[in-house]
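Reproduced below: run_2.pdb, with PDB, C-alpha atoms, pLDDT in the B column.
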ATOM      1  CA  ALA D   1      28.479 -27.562 -13.141  1.00 65.00           C
ATOM      2  CA  LEU D   2      31.547 -26.299 -14.979  1.00 75.00           C
ATOM      3  CA  ALA D   3      30.483 -28.217 -18.086  1.00 72.00           C
ATOM      4  CA  LEU D   4      27.121 -26.421 -17.977  1.00 72.00           C
ATOM      5  CA  LEU D   5      28.873 -23.047 -17.831  1.00 76.00           C
ATOM      6  CA  VAL D   6      31.027 -23.971 -20.826  1.00 76.00           C
ATOM      7  CA  PHE D   7      27.909 -25.113 -22.684  1.00 72.00           C
ATOM      8  CA  ILE D   8      26.200 -21.778 -21.924  1.00 73.00           C
ATOM      9  CA  PHE D   9      29.272 -19.902 -23.176  1.00 74.00           C
ATOM     10  CA  PHE D  10      29.063 -21.617 -26.557  1.00 72.00           C
ATOM     11  CA  ASN D  11      25.286 -21.359 -26.880  1.00 71.00           C
ATOM     12  CA  PHE D  12      24.065 -18.117 -25.349  1.00 71.00           C
ATOM     13  CA  ARG D  13      24.638 -16.116 -28.507  1.00 70.00           C
ATOM     14  CA  THR D  14      22.826 -15.363 -31.737  1.00 72.00           C
ATOM     15  CA  GLN D  15      24.313 -18.378 -33.522  1.00 73.00           C
ATOM     16  CA  ALA D  16      24.749 -21.354 -31.167  1.00 67.00           C
ATOM     17  CA  ARG D  17      27.940 -23.335 -31.612  1.00 70.00           C
ATOM     18  CA  CYS D  18      27.100 -26.596 -29.833  1.00 69.00           C
ATOM     19  CA  PHE D  19      23.800 -28.485 -30.006  1.00 68.00           C
ATOM     20  CA  ALA D  20      22.868 -30.449 -26.877  1.00 69.00           C
ATOM     21  CA  GLY D  21      20.279 -32.701 -28.492  1.00 70.00           C
ATOM     22  CA  ASP D  22      18.313 -35.217 -26.476  1.00 69.00           C
ATOM     23  CA  VAL D  23      21.358 -36.728 -24.771  1.00 73.00           C
ATOM     24  CA  GLY D  24      22.699 -33.350 -23.669  1.00 76.00           C
ATOM     25  CA  SER D  25      19.305 -32.106 -22.529  1.00 77.00           C
ATOM     26  CA  ILE D  26      18.601 -35.279 -20.569  1.00 83.00           C
ATOM     27  CA  SER D  27      22.064 -35.107 -18.992  1.00 83.00           C
ATOM     28  CA  ILE D  28      21.480 -31.511 -17.902  1.00 83.00           C
ATOM     29  CA  GLY D  29      18.077 -32.524 -16.529  1.00 86.00           C
ATOM     30  CA  PHE D  30      19.619 -35.371 -14.515  1.00 90.00           C
ATOM     31  CA  ILE D  31      22.276 -33.037 -13.093  1.00 89.00           C
ATOM     32  CA  ILE D  32      19.610 -30.551 -12.001  1.00 90.00           C
ATOM     33  CA  ALA D  33      17.419 -33.364 -10.600  1.00 93.00           C
ATOM     34  CA  PHE D  34      20.394 -34.793  -8.669  1.00 94.00           C
ATOM     35  CA  LEU D  35      21.247 -31.396  -7.170  1.00 94.00           C
ATOM     36  CA  MET D  36      17.586 -30.810  -6.290  1.00 95.00           C
ATOM     37  CA  MET D  37      17.288 -34.213  -4.603  1.00 96.00           C
ATOM     38  CA  GLN D  38      20.484 -33.526  -2.650  1.00 97.00           C
ATOM     39  CA  LEU D  39      19.029 -30.221  -1.440  1.00 96.00           C
ATOM     40  CA  ILE D  40      15.718 -31.825  -0.469  1.00 95.00           C
ATOM     41  CA  LEU D  41      17.363 -34.778   1.300  1.00 97.00           C
ATOM     42  CA  THR D  42      19.799 -32.503   3.123  1.00 97.00           C
ATOM     43  CA  THR D  43      17.134 -30.061   4.322  1.00 94.00           C
ATOM     44  CA  GLY D  44      14.170 -32.444   4.524  1.00 93.00           C
ATOM     45  CA  ASN D  45      12.109 -29.762   2.770  1.00 92.00           C
ATOM     46  CA  PRO D  46      10.358 -30.775  -0.483  1.00 91.00           C
ATOM     47  CA  ASN D  47       9.213 -27.171  -0.984  1.00 92.00           C
ATOM     48  CA  TYR D  48      12.508 -26.544  -2.767  1.00 92.00           C
ATOM     49  CA  LEU D  49      10.917 -28.198  -5.825  1.00 92.00           C
ATOM     50  CA  LEU D  50       9.244 -24.828  -6.365  1.00 93.00           C
ATOM     51  CA  LEU D  51      12.668 -23.517  -7.415  1.00 93.00           C
ATOM     52  CA  LEU D  52      11.915 -25.236 -10.749  1.00 93.00           C
ATOM     53  CA  LEU D  53       8.286 -24.088 -10.910  1.00 93.00           C
ATOM     54  CA  LEU D  54       8.297 -22.336 -14.286  1.00 94.00           C
ATOM     55  CA  TYR D  55       9.789 -25.341 -16.045  1.00 92.00           C
ATOM     56  CA  GLY D  56       7.474 -27.723 -14.207  1.00 93.00           C
ATOM     57  CA  LEU D  57       4.418 -25.668 -15.143  1.00 95.00           C
ATOM     58  CA  ASP D  58       5.520 -25.455 -18.770  1.00 95.00           C
ATOM     59  CA  ALA D  59       6.117 -29.207 -18.966  1.00 94.00           C
ATOM     60  CA  SER D  60       2.959 -30.263 -17.111  1.00 95.00           C
ATOM     61  CA  THR D  61       0.612 -27.895 -18.954  1.00 96.00           C
ATOM     62  CA  THR D  62       2.162 -28.913 -22.269  1.00 96.00           C
ATOM     63  CA  VAL D  63       1.523 -32.591 -21.510  1.00 96.00           C
ATOM     64  CA  PHE D  64      -2.018 -31.733 -20.399  1.00 95.00           C
ATOM     65  CA  PHE D  65      -2.856 -29.781 -23.568  1.00 95.00           C
ATOM     66  CA  ARG D  66      -1.330 -32.487 -25.765  1.00 95.00           C
ATOM     67  CA  TRP D  67      -3.434 -35.078 -23.935  1.00 95.00           C
ATOM     68  CA  MET D  68      -6.541 -32.908 -24.435  1.00 94.00           C
ATOM     69  CA  ARG D  69      -5.764 -32.765 -28.176  1.00 94.00           C
ATOM     70  CA  LYS D  70      -5.350 -36.574 -28.151  1.00 94.00           C
ATOM     71  CA  GLU D  71      -1.739 -36.309 -29.327  1.00 94.00           C
ATOM     72  CA  GLU D  72       0.831 -39.001 -28.617  1.00 94.00           C
ATOM     73  CA  ILE D  73       2.532 -37.580 -25.534  1.00 92.00           C
ATOM     74  CA  LEU D  74       5.842 -39.385 -26.091  1.00 91.00           C
ATOM     75  CA  GLU D  75       6.304 -38.209 -29.695  1.00 91.00           C
ATOM     76  CA  ALA D  76       8.437 -35.210 -30.617  1.00 89.00           C
ATOM     77  CA  HIS D  77       6.583 -31.893 -30.634  1.00 91.00           C
ATOM     78  CA  ARG D  78       6.933 -28.121 -30.424  1.00 91.00           C
ATOM     79  CA  SER D  79       4.148 -27.412 -27.960  1.00 93.00           C
ATOM     80  CA  HIS D  80       5.975 -25.799 -25.032  1.00 95.00           C
ATOM     81  CA  LEU D  81       5.354 -22.123 -24.359  1.00 95.00           C
ATOM     82  CA  TYR D  82       9.019 -21.272 -24.929  1.00 94.00           C
ATOM     83  CA  GLN D  83       8.858 -22.982 -28.343  1.00 94.00           C
ATOM     84  CA  PHE D  84       5.702 -21.056 -29.234  1.00 95.00           C
ATOM     85  CA  LEU D  85       7.383 -17.781 -28.274  1.00 96.00           C
ATOM     86  CA  ALA D  86      10.455 -18.552 -30.395  1.00 93.00           C
ATOM     87  CA  ASN D  87       8.846 -20.315 -33.361  1.00 93.00           C
ATOM     88  CA  GLU D  88       5.382 -18.774 -33.713  1.00 93.00           C
ATOM     89  CA  LYS D  89       5.904 -15.324 -32.201  1.00 95.00           C
ATOM     90  CA  GLY D  90       9.399 -14.960 -33.663  1.00 95.00           C
ATOM     91  CA  LEU D  91      11.181 -13.949 -30.464  1.00 95.00           C
ATOM     92  CA  ALA D  92      14.930 -14.563 -30.460  1.00 91.00           C
ATOM     93  CA  HIS D  93      15.984 -17.660 -28.522  1.00 87.00           C
ATOM     94  CA  ASN D  94      18.181 -15.529 -26.250  1.00 88.00           C
ATOM     95  CA  THR D  95      15.204 -13.278 -25.496  1.00 93.00           C
ATOM     96  CA  VAL D  96      13.027 -16.260 -24.580  1.00 94.00           C
ATOM     97  CA  SER D  97      15.839 -17.699 -22.443  1.00 89.00           C
ATOM     98  CA  LEU D  98      16.323 -14.387 -20.629  1.00 93.00           C
ATOM     99  CA  LEU D  99      12.566 -14.121 -20.081  1.00 95.00           C
ATOM    100  CA  TYR D 100      12.478 -17.592 -18.515  1.00 94.00           C
ATOM    101  CA  ILE D 101      15.557 -16.810 -16.399  1.00 92.00           C
ATOM    102  CA  VAL D 102      14.061 -13.566 -15.065  1.00 95.00           C
ATOM    103  CA  VAL D 103      10.635 -15.087 -14.341  1.00 95.00           C
ATOM    104  CA  GLN D 104      12.165 -18.129 -12.611  1.00 94.00           C
ATOM    105  CA  LEU D 105      14.491 -15.852 -10.617  1.00 95.00           C
ATOM    106  CA  ILE D 106      11.490 -13.834  -9.399  1.00 95.00           C
ATOM    107  CA  ILE D 107       9.731 -17.087  -8.470  1.00 93.00           C
ATOM    108  CA  ASN D 108      12.844 -18.287  -6.621  1.00 94.00           C
ATOM    109  CA  ILE D 109      13.061 -15.049  -4.627  1.00 95.00           C
ATOM    110  CA  LEU D 110       9.381 -15.401  -3.674  1.00 92.00           C
ATOM    111  CA  VAL D 111       9.874 -19.054  -2.695  1.00 92.00           C
ATOM    112  CA  VAL D 112      12.830 -18.197  -0.461  1.00 92.00           C
ATOM    113  CA  LEU D 113      10.921 -15.297   1.124  1.00 93.00           C
ATOM    114  CA  LEU D 114       7.772 -17.407   1.656  1.00 91.00           C
ATOM    115  CA  MET D 115       9.588 -20.547   2.867  1.00 90.00           C
ATOM    116  CA  PRO D 116       9.513 -19.497   6.556  1.00 90.00           C
ATOM    117  CA  ALA D 117       5.724 -18.987   6.327  1.00 89.00           C
ATOM    118  CA  GLY D 118       5.253 -22.732   5.889  1.00 86.00           C
ATOM    119  CA  THR D 119       3.959 -25.217   3.370  1.00 86.00           C
ATOM    120  CA  ASP D 120       0.360 -23.946   3.302  1.00 89.00           C
ATOM    121  CA  ILE D 121       1.296 -20.544   1.903  1.00 90.00           C
ATOM    122  CA  LEU D 122       3.571 -22.223  -0.653  1.00 89.00           C
ATOM    123  CA  ILE D 123       0.700 -24.447  -1.812  1.00 91.00           C
ATOM    124  CA  TYR D 124      -1.444 -21.344  -2.315  1.00 92.00           C
ATOM    125  CA  ALA D 125       1.449 -19.713  -4.163  1.00 89.00           C
ATOM    126  CA  LEU D 126       1.771 -22.817  -6.359  1.00 90.00           C
ATOM    127  CA  LEU D 127      -1.938 -22.731  -7.212  1.00 93.00           C
ATOM    128  CA  ALA D 128      -1.737 -19.001  -7.933  1.00 93.00           C
ATOM    129  CA  GLY D 129       1.304 -19.634 -10.138  1.00 92.00           C
ATOM    130  CA  LEU D 130      -0.570 -22.343 -12.036  1.00 94.00           C
ATOM    131  CA  LEU D 131      -3.564 -20.063 -12.642  1.00 95.00           C
ATOM    132  CA  ILE D 132      -1.332 -17.188 -13.756  1.00 95.00           C
ATOM    133  CA  PHE D 133       0.642 -19.487 -16.061  1.00 95.00           C
ATOM    134  CA  LEU D 134      -2.527 -20.952 -17.599  1.00 95.00           C
ATOM    135  CA  GLY D 135      -3.904 -17.452 -18.078  1.00 95.00           C
ATOM    136  CA  LEU D 136      -0.692 -16.392 -19.798  1.00 95.00           C
ATOM    137  CA  ARG D 137      -0.697 -19.439 -22.054  1.00 95.00           C
ATOM    138  CA  PHE D 138      -4.290 -18.806 -23.116  1.00 95.00           C
ATOM    139  CA  SER D 139      -3.671 -15.094 -23.690  1.00 95.00           C
ATOM    140  CA  ILE D 140      -0.399 -15.636 -25.598  1.00 95.00           C
ATOM    141  CA  GLU D 141      -1.198 -18.822 -27.535  1.00 94.00           C
ATOM    142  CA  GLY D 142      -4.976 -18.619 -27.672  1.00 93.00           C
ATOM    143  CA  LYS D 143      -7.624 -21.203 -26.847  1.00 92.00           C
ATOM    144  CA  ALA D 144      -7.860 -22.392 -30.462  1.00 90.00           C
ATOM    145  CA  HIS D 145      -4.142 -23.184 -30.570  1.00 89.00           C
ATOM    146  CA  LEU D 146      -4.003 -24.898 -27.179  1.00 92.00           C
ATOM    147  CA  LEU D 147      -7.150 -27.002 -27.598  1.00 89.00           C
ATOM    148  CA  ARG D 148      -7.254 -27.579 -31.357  1.00 84.00           C
ATOM    149  CA  ASN D 149      -7.984 -31.104 -32.514  1.00 62.00           C
TER
END
Could you take the file, read its structure, and then write that structure out as C-alpha cells?
Amino acid sequence: ALALLVFIFFNFRTQARCFAGDVGSISIGFIIAFLMMQLILTTGNPNYLLLLLLYGLDASTTVFFRWMRKEEILEAHRSHLYQFLANEKGLAHNTVSLLYIVVQLIINILVVLLMPAGTDILIYALLAGLLIFLGLRFSIEGKAHLLRN
C-alpha cells in the first residue's frame, strides 16, 4: 500500500514522473484484487465487489462495445471512457482521475449505506448503475463512436 502512495505522489501532477506500464498496472490490479478477496473471505459478503463498480462497468462495457465492433478484445486499444475523456474530449488526466475518484467514492458510500438492506437492493442498485453508466457513455461518446464498424 505504501508503494501505491509513493506512485501516486510521483504521478498525480501535470507531468507524471513514473510510468507504470502494463507490469505496474497489473501489479496494482493484483494488489487491489488480493485486498478485495481478503475482505470478501473475511466477511463472507461478495457484495463488497460493488466497491469497484465504476471500474468494473468501464471495463465490461468497453469489452462489450469492442466485441460489438468485432475488434480483437485482447489487442491494445483506447476505448475506455476515461481514455475518451482524456484523449478525445481533452480533459486533463488529473481531472479525469478526480472525476473517477469522486464518482467511485459516492458509489462506495451508497454501497455501505445499502449493505444492511440486503443483496436484493444491491442487485437493483447494480442494474441502475449499469443503465446510468451506459446512458452516460452514449451521451458522452455517442452511438456512432461506440458502435462504429
Exercise: range 90-96 of chain D partners within 10 Å, all atoms listed in the file, chain neighbours under 2 positions left out, as a ChimeraX atom specification
/D:11-16,81-88,98-102
Could you list, as a VMD selection string, every residue within 10 Å of Leu105 in chain D, counting all atoms listed in the file and ignoring same-chain residues fewer than 6 positions away?
chain D and resid 51 to 52 54 99 111
Residues matched by the PyMOL selection byres ((chain D and resi 64-75) around 10), written as an MDAnalysis selection string
chainID D and resid 58:63 76:77 79:80 145:149
Give me the result of the PyMOL selection byres ((chain D and resi 119-130) around 10) on this file, residue by residue, as a short mmCIF file (atom, residue, chain, number, x, y, z; two decimals) with C-alpha atoms, in the coordinates of the input.
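Produced file result29.cif, reproduced below:
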data_model
loop_
_atom_site.label_atom_id
_atom_site.label_comp_id
_atom_site.auth_asym_id
_atom_site.auth_seq_id
_atom_site.Cartn_x
_atom_site.Cartn_y
_atom_site.Cartn_z
CA ASN D 45 12.11 -29.76 2.77
CA PRO D 46 10.36 -30.78 -0.48
CA ASN D 47 9.21 -27.17 -0.98
CA LEU D 50 9.24 -24.83 -6.36
CA LEU D 53 8.29 -24.09 -10.91
CA LEU D 54 8.30 -22.34 -14.29
CA GLY D 56 7.47 -27.72 -14.21
CA LEU D 57 4.42 -25.67 -15.14
CA ASP D 58 5.52 -25.46 -18.77
CA THR D 61 0.61 -27.90 -18.95
CA ILE D 107 9.73 -17.09 -8.47
CA LEU D 110 9.38 -15.40 -3.67
CA VAL D 111 9.87 -19.05 -2.70
CA LEU D 114 7.77 -17.41 1.66
CA MET D 115 9.59 -20.55 2.87
CA PRO D 116 9.51 -19.50 6.56
CA ALA D 117 5.72 -18.99 6.33
CA GLY D 118 5.25 -22.73 5.89
CA LEU D 131 -3.56 -20.06 -12.64
CA ILE D 132 -1.33 -17.19 -13.76
CA PHE D 133 0.64 -19.49 -16.06
CA LEU D 134 -2.53 -20.95 -17.60
CA GLY D 135 -3.90 -17.45 -18.08
CA LEU D 136 -0.69 -16.39 -19.80
#
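Pairwise distance (CA of Gln104 in chain D, CA of Tyr48 in chain D) equals 13.0 Å.
If you look at CA of Ala3 in chain D and CA of Met36 in chain D, they are 17.7 Å away from each other.
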Rounded to one decimal place, report the CA of Ser139 in chain D-CA of Asn108 in chain D distance in Å.
24.0 Å
Find the axis-aligned box for range 126-141 of chain D, covering all its listed atoms and adding 8 Å on each side, and write its centre and edge lengths in Å to one decimal as JSON.
{"center_x": -1.3, "center_y": -19.0, "center_z": -16.9, "size_x": 22.1, "size_y": 23.7, "size_z": 37.2}
